[in-house]
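Only one structure is covered here, and it is reproduced in the block below.
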Amino acid sequence: MVSATQLWDQASEILTEAQRTNEKQIDEAAGLILDTIRADALVFSAGAGHSLAAVAETFYRAGGLANVYPLYHPELLPLHGAQHSTATERRSGLADEVLDQKPPGPGDVLVVFSTSGVNPYPVELAIGAKKRGAAVISVTSRACIAAAPKRSSSTLAAEGTVVIDTGVRVGDSSYPAESPVTAPLSTVVNAYLWNLVLTRVLDLGTEAGVDVPLWRSSNVEGGDAANVSLLSRYVPRIPALA
């Protein structure tokens, strides 16, 4: 079990470092999200490829925010065609098509997850949301951006109102440490950082007397009943909740 121990140590170090280096950014992101709750606005969440795992983490899950609107296009999901999903993420213009279906606006926030942070879809999402008046939280790896081929006029980091740096290594793999070829950690780091943001939102909301709308698990006693009012409130604006 030496490899498992080494991987655990590496993952623990990466998560600890990600938290340490993003303390200010987590506070800023939480503040933006709390403002959406105060304004009865929405948190849009987006990604492509395996970053869609982070989008799923934000949407309709136990303990998650209820005012999250997932931006999605089927062609971006590897399960619907792996090679095609890569080509789709690199296609300029798709972001505006997706945004036009439900444009974020002033008071809303867009959270974009992209480890490489250079492909047209995530970058153009950020640019398009800003043009429409929304703030942007970019969750990306500055190291990966620096090393990746430039495929857009900008980068996700350059377009973020707040930039949360995952610190994920170039290529995403983490094991073995000296020459990594497996054990990608971006999904783990994205989920951890998002949950740090959520805990900060709850703390700030509690301090300010703001009721943070959070889903209950539907698999615990009273969970379905607790979610009824949230569904009634958000289904008209977030069709994916229906």
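By convention in this document, the chains of the structure tokens carry letters A, B, ... by their order, each chain's residues are numbered from 1, and ligands are numbered from 1 in the order they are shown.
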| task | Write out as a PyMOL selection string all residues of stretch 37-192 of chain A that backbone DSSP assigns to strand (DSSP E or B). | result | chain A and resi 43-47+65+68-70+109-113+135-140+162-165+175+182
Near-stretch 133-142 of chain A list (8 Å; only C-alpha atoms; drop same-chain fewer than 6 positions) as number ranges by chain: A: 29, 32, 104-117, 126, 156-157, 159-169, 190
Kindly export the residues of the current selection with C-alpha atoms, as a PDB file, in the first residue's frame.
```
ATOM      1  CA  ALA A  29     -16.376  34.309  -4.083  1.00  0.00           C
ATOM      2  CA  LEU A  32     -20.491  37.414  -4.498  1.00  0.00           C
ATOM      3  CA  PRO A 104     -27.069  35.765 -16.715  1.00  0.00           C
ATOM      4  CA  GLY A 105     -27.339  39.421 -15.883  1.00  0.00           C
ATOM      5  CA  PRO A 106     -26.505  42.034 -13.261  1.00  0.00           C
ATOM      6  CA  GLY A 107     -26.786  40.491  -9.818  1.00  0.00           C
ATOM      7  CA  ASP A 108     -26.054  36.987 -11.109  1.00  0.00           C
ATOM      8  CA  VAL A 109     -22.735  35.138 -10.807  1.00  0.00           C
ATOM      9  CA  LEU A 110     -21.174  32.676 -13.235  1.00  0.00           C
ATOM     10  CA  VAL A 111     -18.824  30.014 -11.852  1.00  0.00           C
ATOM     11  CA  VAL A 112     -16.660  28.462 -14.588  1.00  0.00           C
ATOM     12  CA  PHE A 113     -14.583  25.349 -13.921  1.00  0.00           C
ATOM     13  CA  SER A 114     -11.749  24.683 -16.374  1.00  0.00           C
ATOM     14  CA  THR A 115      -8.387  23.253 -15.403  1.00  0.00           C
ATOM     15  CA  SER A 116      -6.617  24.313 -18.603  1.00  0.00           C
ATOM     16  CA  GLY A 117      -8.496  27.608 -18.782  1.00  0.00           C
ATOM     17  CA  ALA A 126     -16.662  34.261 -18.922  1.00  0.00           C
ATOM     18  CA  LEU A 156     -10.196  32.043 -17.931  1.00  0.00           C
ATOM     19  CA  ALA A 157      -7.909  33.556 -15.304  1.00  0.00           C
ATOM     20  CA  GLU A 159     -11.516  37.091 -17.377  1.00  0.00           C
ATOM     21  CA  GLY A 160     -12.422  36.211 -13.797  1.00  0.00           C
ATOM     22  CA  THR A 161     -13.830  38.738 -11.340  1.00  0.00           C
ATOM     23  CA  VAL A 162     -12.431  36.322  -8.769  1.00  0.00           C
ATOM     24  CA  VAL A 163      -9.893  33.654  -9.703  1.00  0.00           C
ATOM     25  CA  ILE A 164      -9.570  30.529  -7.572  1.00  0.00           C
ATOM     26  CA  ASP A 165      -6.333  28.738  -8.468  1.00  0.00           C
ATOM     27  CA  THR A 166      -6.585  24.991  -7.961  1.00  0.00           C
ATOM     28  CA  GLY A 167      -2.815  24.557  -8.203  1.00  0.00           C
ATOM     29  CA  VAL A 168      -3.351  21.391 -10.259  1.00  0.00           C
ATOM     30  CA  ARG A 169      -0.177  20.230 -11.999  1.00  0.00           C
ATOM     31  CA  ASN A 190     -12.582  21.503  -7.566  1.00  0.00           C
TER      32      ASN A 190
END
```
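Summary of the local environment: counting only C-alpha atoms, residues at most 9 Å from A:Ser92, other than itself and those fewer than 5 positions away along its chain, are Asn119, Pro120, Tyr121, Glu124 and Ser152 of chain A.
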Could you make a table, as a tab-separated table, of the residues of stretch 46-147 of chain A that have an atom within 9 Å of an atom of stretch 195-198 of chain A, each with its nearest atom pair and distance in Å to one decimal, counting only C-alpha atoms, in chain and number order?
```
residue	atom	partner	partner_atom	distance
A:Thr58	CA	A:Asn195	CA	8.9
A:Gly63	CA	A:Leu198	CA	8.8
A:Gly64	CA	A:Leu198	CA	7.7
A:Leu65	CA	A:Leu198	CA	7.8
```
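These are the residues of stretch 180-222 of chain A assigned alpha helix (DSSP H) by DSSP from backbone coordinates: Ser186, Thr187, Val188, Val189, Asn190, Ala191, Tyr192, Leu193, Trp194, Asn195, Leu196, Val197, Leu198, Thr199, Arg200, Val201, Leu202, Asp203, Leu204, Gly205, Thr206, Glu207 and Ala208 of chain A.
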Near-A:Leu79 list (12 Å; only C-alpha atoms; drop same-chain fewer than 3 positions) as a list in words
Ala48, Gly49, His50, Leu52, Ala53, Pro74, Glu75, Leu76, Ala82, Gln83, His84, Ser85 and Thr86 of chain A
Take the residues just selected and output them with N, CA, C and O atoms as a short mmCIF file (atom, residue, chain, number, x, y, z; two decimals), in the first residue's frame.
```cif
data_model
loop_
_atom_site.label_atom_id
_atom_site.label_comp_id
_atom_site.auth_asym_id
_atom_site.auth_seq_id
_atom_site.Cartn_x
_atom_site.Cartn_y
_atom_site.Cartn_z
N ALA A 48 -16.70 22.06 -19.02
CA ALA A 48 -16.73 21.18 -20.18
C ALA A 48 -15.87 19.96 -19.89
O ALA A 48 -15.00 19.99 -19.01
N GLY A 49 -16.10 18.87 -20.62
CA GLY A 49 -15.31 17.68 -20.39
C GLY A 49 -15.46 17.20 -18.95
O GLY A 49 -16.56 17.18 -18.40
N HIS A 50 -14.35 16.85 -18.33
CA HIS A 50 -14.43 16.34 -16.96
C HIS A 50 -14.68 17.45 -15.94
O HIS A 50 -15.01 17.15 -14.78
N LEU A 52 -17.21 19.09 -16.05
CA LEU A 52 -18.65 18.98 -15.81
C LEU A 52 -18.93 18.23 -14.50
O LEU A 52 -20.02 18.36 -13.93
N ALA A 53 -17.96 17.46 -14.02
CA ALA A 53 -18.14 16.82 -12.71
C ALA A 53 -18.28 17.87 -11.62
O ALA A 53 -19.04 17.69 -10.66
N PRO A 74 -25.11 19.09 -24.43
CA PRO A 74 -24.81 17.65 -24.46
C PRO A 74 -23.49 17.30 -25.13
O PRO A 74 -22.84 16.33 -24.75
N GLU A 75 -23.10 18.07 -26.13
CA GLU A 75 -21.89 17.74 -26.88
C GLU A 75 -20.61 17.96 -26.08
O GLU A 75 -19.54 17.54 -26.50
N LEU A 76 -20.73 18.61 -24.93
CA LEU A 76 -19.56 18.86 -24.08
C LEU A 76 -19.24 17.69 -23.16
O LEU A 76 -18.18 17.68 -22.52
N ALA A 82 -16.50 11.06 -26.75
CA ALA A 82 -15.30 11.57 -26.09
C ALA A 82 -14.52 12.56 -26.94
O ALA A 82 -14.23 13.69 -26.52
N GLN A 83 -14.15 12.14 -28.16
CA GLN A 83 -13.36 13.02 -29.02
C GLN A 83 -14.16 14.24 -29.44
O GLN A 83 -13.62 15.35 -29.53
N HIS A 84 -15.44 14.03 -29.66
CA HIS A 84 -16.29 15.15 -30.06
C HIS A 84 -16.41 16.19 -28.95
O HIS A 84 -16.49 17.39 -29.21
N SER A 85 -16.42 15.74 -27.70
CA SER A 85 -16.52 16.69 -26.58
C SER A 85 -15.30 17.61 -26.54
O SER A 85 -15.41 18.80 -26.25
N THR A 86 -14.12 17.06 -26.85
CA THR A 86 -12.92 17.89 -26.90
C THR A 86 -13.02 18.92 -28.02
O THR A 86 -12.71 20.10 -27.83
#
```
From the list A:Val220, A:Ala225, A:Val68, A:Ile26, which residue is nearest A:Ser45 when using only C-alpha atoms?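 Of A:Val220, A:Ala225, A:Val68, A:Ile26, the one nearest A:Ser45 is A:Val68, counting only C-alpha atoms.
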Minimum-distance residue to A:Ala208, chosen among A:Asp35, A:Ser3, A:Leu15, A:Asp40 (using only C-alpha atoms):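 Of A:Asp35, A:Ser3, A:Leu15, A:Asp40, the one nearest A:Ala208 is A:Asp35, counting only C-alpha atoms.
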*Counting only C-alpha atoms, the option among A:Ser186, A:Glu23, A:Ala242, A:Leu99 closest to A:Ser174*: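 The shortest atom-to-atom distance to A:Ser174 comes from A:Ser186.
Going from atom CA of A:Gln101 over to atom CA of A:Leu42, you cover 14.5 Å.
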For A:Leu94, the closest of A:Val123, A:Trp215, A:Thr16, A:Ala66 counting only C-alpha atoms is A:Val123
Residues near A:Tyr60, anyone? I mean within 12 Å using only C-alpha atoms, not counting same-chain ones fewer than 2 positions away, as a ChimeraX atom specification.
/A:45,55-58,62-70,213-218,227,230-231,234-235,238-242
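Proximity ranking of A:Thr187, A:Lys24, A:Pro103, A:Ile145 relative to A:Lys131 places A:Pro103 first, based on only C-alpha atoms.
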Atom CA of A:Gln10 to atom CA of A:Gly171 measures 15.5 Å
